[in-house]
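Here is the file coords.txt (compact mmCIF, C-alpha atoms).
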# COMPACT_ATOMS: atom_id res chain seq x y z
CA MET C 746 0.00 0.00 0.00
CA THR C 747 1.31 3.46 -0.85
CA THR C 748 1.98 6.15 1.73
CA ARG C 749 -0.92 8.09 0.22
CA GLY C 750 -3.12 5.02 0.56
CA HIS C 751 -2.18 4.72 4.22
CA ALA C 752 -3.00 8.39 4.78
CA CYS C 753 -6.38 8.08 3.07
CA THR C 754 -7.19 4.91 4.97
CA LEU C 755 -6.25 6.47 8.30
CA LEU C 756 -8.30 9.59 7.52
CA LEU C 757 -11.35 7.60 6.54
CA LEU C 758 -11.00 5.28 9.52
CA ALA C 759 -10.71 8.26 11.87
CA LEU C 760 -13.81 9.86 10.37
CA ILE C 761 -15.78 6.63 10.66
CA CYS C 762 -14.62 6.07 14.25
CA ALA C 763 -15.52 9.64 15.11
CA GLY C 764 -18.94 9.08 13.65
CA CYS C 765 -19.39 5.86 15.60
CA SER C 766 -18.34 7.48 18.84
CA ARG C 767 -20.79 10.32 18.23
CA ARG C 768 -23.52 7.78 17.64
CA ASP C 769 -22.61 5.93 20.85
CA ARG C 770 -22.75 9.13 22.89
CA SER C 771 -26.11 10.12 21.50
CA GLY C 772 -27.59 6.71 22.25
CA SER C 773 -26.58 6.77 25.89
CA PRO C 774 -28.84 8.26 28.53
CA GLY C 775 -28.17 11.97 28.71
CA GLY C 776 -26.00 11.83 25.56
CA THR C 777 -25.66 15.13 23.75
CA GLY C 778 -24.10 14.05 20.45
CA ALA C 779 -26.22 14.01 17.34
CA PRO C 780 -26.70 10.63 15.68
CA VAL C 781 -24.55 10.08 12.62
CA ASP C 782 -26.33 9.84 9.32
CA PRO C 783 -26.16 6.27 7.97
CA ALA C 784 -25.63 7.71 4.47
CA LEU C 785 -22.52 9.51 5.74
CA LEU C 786 -21.14 6.30 7.25
CA ALA C 787 -21.92 4.42 4.03
CA PHE C 788 -20.16 7.09 1.96
CA LEU C 789 -17.07 7.01 4.19
CA SER C 790 -16.97 3.20 4.04
CA ARG C 791 -17.41 3.25 0.25
CA ALA C 792 -14.60 5.79 -0.11
CA ARG C 793 -12.30 3.78 2.14
CA ALA C 794 -12.97 0.62 0.12
CA ALA C 795 -12.33 2.51 -3.12
CA HIS C 796 -8.97 3.76 -1.83
CA HIS C 797 -8.01 0.20 -0.82
CA LEU C 798 -9.01 -1.05 -4.26
CA ALA C 799 -7.09 1.77 -5.96
CA ASP C 800 -4.01 0.90 -3.88
CA ASN C 801 -4.10 -2.58 -5.40
CA GLN C 802 -4.76 -1.31 -8.94
CA GLU C 803 -2.37 1.63 -8.99
CA GLU C 804 0.91 -0.09 -9.85
CA LEU C 805 -0.20 -2.40 -12.66
CA HIS C 806 -3.41 -0.71 -13.82
CA PRO C 807 -3.34 3.01 -12.97
CA GLU C 808 -6.22 3.65 -15.37
CA ARG C 809 -8.39 1.29 -13.30
CA ALA C 810 -7.34 3.09 -10.12
CA LEU C 811 -8.49 6.35 -11.70
CA VAL C 812 -11.88 4.85 -12.59
CA THR C 813 -12.25 3.52 -9.04
CA LEU C 814 -11.38 6.86 -7.42
CA ARG C 815 -13.50 8.90 -9.82
CA ALA C 816 -16.45 6.68 -8.87
CA VAL C 817 -16.21 8.11 -5.34
CA ILE C 818 -16.24 11.69 -6.64
CA ASN C 819 -18.99 11.13 -9.20
CA GLY C 820 -21.02 8.62 -7.20
CA PRO C 821 -23.83 9.11 -4.71
CA LEU C 822 -23.09 11.65 -1.99
CA PRO C 823 -24.89 12.23 1.29
CA GLY C 824 -26.58 15.56 1.86
CA ARG C 825 -27.41 18.33 -0.55
CA SER C 826 -24.56 20.14 -2.25
CA GLU C 827 -25.17 23.36 -0.30
CA THR C 828 -25.24 21.53 3.05
CA ARG C 829 -22.84 18.66 2.38
CA PRO C 830 -21.12 17.49 5.59
CA ALA C 831 -17.52 18.62 6.02
CA GLU C 832 -16.36 14.99 6.21
CA VAL C 833 -17.77 14.35 2.73
CA ARG C 834 -16.19 17.46 1.24
CA GLU C 835 -12.83 16.59 2.82
CA VAL C 836 -12.87 13.01 1.53
CA LEU C 837 -13.87 14.28 -1.91
CA ALA C 838 -11.00 16.78 -1.88
CA ASP C 839 -8.51 14.14 -0.73
CA THR C 840 -9.74 11.73 -3.41
CA ALA C 841 -9.51 14.44 -6.08
CA ALA C 842 -5.93 15.15 -4.99
CA ARG C 843 -5.08 11.48 -5.46
CA VAL C 844 -6.80 11.48 -8.87
CA ALA C 845 -4.79 14.54 -9.92
CA ASP C 846 -1.57 12.88 -8.78
CA LEU C 847 -2.33 9.77 -10.85
CA GLU C 848 -3.38 11.84 -13.86
CA SER C 849 -0.12 13.78 -13.76
CA GLN C 850 1.88 10.56 -13.43
CA SER C 851 0.25 9.60 -16.75
CA ALA C 852 1.29 12.98 -18.22
CA ASP C 853 -2.31 14.23 -18.35
CA TYR C 854 -1.37 17.54 -16.77
CA ASP C 855 -4.41 19.50 -17.92
CA ALA C 856 -6.81 16.93 -16.48
CA ALA C 857 -4.81 16.87 -13.25
CA ALA C 858 -4.92 20.64 -12.89
CA GLN C 859 -8.67 20.54 -13.61
CA SER C 860 -9.18 17.88 -10.91
CA VAL C 861 -7.56 20.22 -8.38
CA SER C 862 -9.55 23.24 -9.61
CA THR C 863 -12.80 21.32 -9.34
CA ALA C 864 -12.00 20.24 -5.76
CA LEU C 865 -10.86 23.58 -4.32
CA PRO C 866 -14.42 24.93 -3.80
CA TRP C 867 -15.23 21.84 -1.72
CA VAL C 868 -12.78 23.02 0.94
CA PRO C 869 -12.90 26.84 0.82
CA GLU C 870 -11.50 27.45 4.30
CA PRO C 871 -7.85 26.97 5.26
CA SER C 872 -7.44 23.28 6.10
CA TYR C 873 -5.04 20.42 5.58
CA PHE C 874 -7.19 19.35 2.61
CA ARG C 875 -7.05 22.72 0.85
CA GLY C 876 -3.30 22.92 1.43
CA HIS C 877 -2.86 19.38 0.14
CA LEU C 878 -4.70 20.27 -3.08
CA TYR C 879 -2.23 23.11 -3.67
CA GLU C 880 0.66 20.77 -2.87
CA ILE C 881 -0.60 18.34 -5.53
CA LEU C 882 -1.09 21.21 -7.99
CA GLY C 883 2.56 22.10 -7.41
CA LEU C 884 3.55 18.51 -8.11
CA VAL C 885 1.43 18.49 -11.29
CA GLU C 886 3.08 21.67 -12.57
CA GLU C 887 6.53 20.41 -11.55
CA ARG C 888 5.97 17.24 -13.60
CA ARG C 889 4.64 19.34 -16.50
CA ALA C 890 7.76 21.54 -16.34
CA GLN C 891 10.04 18.50 -16.43
CA SER C 892 8.17 17.07 -19.41
CA LEU C 893 8.28 20.36 -21.30
CA SER C 894 11.96 20.77 -20.51
CA ARG C 895 12.72 17.27 -21.84
CA GLY C 896 10.80 18.23 -25.00
CA GLY C 897 12.91 21.36 -25.42
CA ASN C 898 10.13 23.87 -24.71
CA LEU C 899 12.06 25.85 -22.11
CA VAL C 900 9.78 28.91 -22.08
CA ALA C 901 6.69 26.83 -21.26
CA ALA C 902 8.76 24.72 -18.85
CA ASN C 903 9.78 27.83 -16.91
CA GLN C 904 6.17 29.02 -16.80
CA ALA C 905 5.06 25.64 -15.42
CA LYS C 906 7.91 25.73 -12.91
CA ASP C 907 6.76 29.19 -11.75
CA ARG C 908 3.21 27.85 -11.32
CA ALA C 909 4.59 24.90 -9.37
CA LEU C 910 6.55 27.14 -7.02
CA ALA C 911 3.53 29.41 -6.50
CA ALA C 912 1.32 26.40 -5.69
CA PHE C 913 3.87 24.96 -3.25
CA GLU C 914 4.13 28.35 -1.55
CA GLN C 915 0.33 28.60 -1.33
CA SER C 916 0.25 25.11 0.22
CA MET C 917 2.86 26.10 2.79
CA ASN C 918 0.97 29.28 3.68
CA ILE C 919 -2.30 27.41 4.14
CA GLN C 920 -0.68 24.70 6.27
CA ALA C 921 1.09 27.34 8.37
CA GLU C 922 -2.28 29.01 8.97
CA VAL C 923 -3.78 25.65 9.98
CA ILE C 924 -0.91 25.06 12.41
CA ARG C 925 -1.21 28.57 13.92
CA SER C 926 -4.97 28.23 14.24
CA SER C 927 -4.66 24.80 15.89
CA SER C 928 -2.02 26.10 18.27
CA ALA C 929 -4.17 29.07 19.20
CA ASP C 930 -7.19 26.79 19.76
CA ALA C 931 -5.10 24.47 21.95
CA GLY C 932 -3.96 27.45 24.02
CA LYS C 933 -7.59 28.37 24.80
CA LYS C 934 -8.28 25.01 26.45
Re-express the file's structure as C-alpha cells.
Amino acid sequence: MTTRGHACTLLLLALICAGCSRRDRSGSPGGTGAPVDPALLAFLSRARAAHHLADNQEELHPERALVTLRAVINGPLPGRSETRPAEVREVLADTAARVADLESQSADYDAAAQSVSTALPWVPEPSYFRGHLYEILGLVEERRAQSLSRGGNLVAANQAKDRALAAFEQSMNIQAEVIRSSSADAGKK
C-alpha cells in the first residue's frame, strides 16, 4: 500500500470512528451528540474501500485506479450540495488530490490541474485538505515543467515551474495558517 493510501485509509477510519463514537454518545442516557447519518457512514466506508481497491490497482493498472477513485467523486453523496457534511467534502478533496496525482503521473497535466480546480471549492477554508490540493497542484506543474523541458520547450517549462513554485508556496501558507490556528485553539483550552 502506498503512503498516500495509508494516509487516506487512516483519515477515513478516523472519520468513521468519530462518527461511531458520536452515535454511541447520543444513544446513551443523557447523551448530547447528534446521531450520525447512515448515508454519511456508508459514503465514508465506500470511499475507504475505493482507496483500498485503488491501492491494489495503482501499480499495474493506474487507469483502473483512476476509474475507481472517480467513482467516489462522481457517485452518490450524502446531503445536498449546499449543506454537504464537512467529512464528505474533505474526503472528496482528498480523493480528487489522489486522482490529480495519478493523472499527472500519466502525463495528463491539464486533467490533473482541472481535478484540483474542481476540488478547491469543496474546501474553501484553510485546512489540511485545501493545502494538500495546492501541494498536488505544485507537483502536477513540476511534472509538467520537467516534461516540457525534456521536450525542449524551455519557455513553457519555466512558466510551469513558476506555477509549481507558487502552488507549493500557497500550500505552505495554508498549512502554516492551519498550524497557527490549531495552536491558538489548543492554548484556549
Quick one: pull the distance between atom CA of C:Leu910 and atom CA of C:Ala810, Å, one decimal.
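Computed distance, atom CA of C:Leu910 to atom CA of C:Ala810, equals 27.9 Å.
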Nearest to C:Leu847, chosen from C:Thr863, C:Ser826, C:Ser927, C:Thr813, with only C-alpha atoms counted in the distances:
C:Thr813
Determine, for each residue of stretch 820-893 of chain C having at least one atom at most 12 Å from an atom of stretch 916-925 of chain C, the closest pair of atoms and their separation in Å to one decimal, counting all atoms listed in the file; order by chain and ascending number, as CSV.
residue,atom,partner,partner_atom,distance
C:Val868,CA,C:Ile919,CA,11.8
C:Pro869,CA,C:Ile919,CA,11.1
C:Glu870,CA,C:Ile919,CA,9.2
C:Pro871,CA,C:Ile919,CA,5.7
C:Ser872,CA,C:Val923,CA,5.8
C:Tyr873,CA,C:Gln920,CA,6.1
C:Phe874,CA,C:Gln920,CA,9.2
C:Arg875,CA,C:Ile919,CA,7.4
C:Gly876,CA,C:Ser916,CA,4.3
C:His877,CA,C:Ser916,CA,6.5
C:Leu878,CA,C:Ser916,CA,7.7
C:Tyr879,CA,C:Ser916,CA,5.0
C:Glu880,CA,C:Ser916,CA,5.3
C:Ile881,CA,C:Ser916,CA,8.9
C:Leu882,CA,C:Ser916,CA,9.2
C:Gly883,CA,C:Ser916,CA,8.5
C:Leu884,CA,C:Ser916,CA,11.1
Take the residues that were just selected and, keeping C-alpha atoms, output them as a short mmCIF file (atom, residue, chain, number, x, y, z; two decimals), in the frame of the given file.
data_model
loop_
_atom_site.label_atom_id
_atom_site.label_comp_id
_atom_site.auth_asym_id
_atom_site.auth_seq_id
_atom_site.Cartn_x
_atom_site.Cartn_y
_atom_site.Cartn_z
CA VAL C 868 -12.78 23.02 0.94
CA PRO C 869 -12.90 26.84 0.82
CA GLU C 870 -11.50 27.45 4.30
CA PRO C 871 -7.85 26.97 5.26
CA SER C 872 -7.44 23.28 6.10
CA TYR C 873 -5.04 20.42 5.58
CA PHE C 874 -7.19 19.35 2.61
CA ARG C 875 -7.05 22.72 0.85
CA GLY C 876 -3.30 22.92 1.43
CA HIS C 877 -2.86 19.38 0.14
CA LEU C 878 -4.70 20.27 -3.08
CA TYR C 879 -2.23 23.11 -3.67
CA GLU C 880 0.66 20.77 -2.87
CA ILE C 881 -0.60 18.34 -5.53
CA LEU C 882 -1.09 21.21 -7.99
CA GLY C 883 2.56 22.10 -7.41
CA LEU C 884 3.55 18.51 -8.11
#
Record the distance separating atom CA of C:Pro807 and atom CA of C:Ala901, expressed in Å with one decimal.
27.1 Å
Identify which of the residues C:Arg815, C:Arg895, C:Arg825, C:His797 lies closest to C:Thr840, counting only C-alpha atoms when measuring atom-to-atom distances.
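Counting only C-alpha atoms, the residue closest to C:Thr840 is C:Arg815.
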One-decimal distance in Å that lies between atom CA of C:Leu789 and atom CA of C:Asp846:
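Here the two named atoms are 21.0 Å from each other.
When all atoms listed in the file are used to compute distances to C:Glu803, the closest of the residues C:Asp930, C:Thr828, C:Asp782, C:Glu848 turns out to be C:Glu848.
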Shell of 10 Å around stretch 885-887 of chain C, all atoms listed in the file, local chain residues under 4 positions omitted, as a count of residues only:
32
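Near C:Glu835, within 8 Å and counting all atoms listed in the file, sit Ala831, Glu832, Val833, Leu837, Ala838, Asp839, Trp867, Val868 and Phe874 of chain C; same-chain residues fewer than 2 positions away were not included.
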Restricting the calculation to all atoms listed in the file, which member of C:Arg889, C:Arg829, C:Lys933, C:Arg843 is positioned closest to C:Phe788?
C:Arg829
Could you put an axis-aligned box around every listed atom of stretch 913-917 of chain C, padded by 5 Å on each side, and send me its centre and edge lengths in Å to one decimal, as AutoDock Vina command-line options?
--center_x 2.2 --center_y 26.8 --center_z -0.2 --size_x 13.9 --size_y 13.6 --size_z 16.0
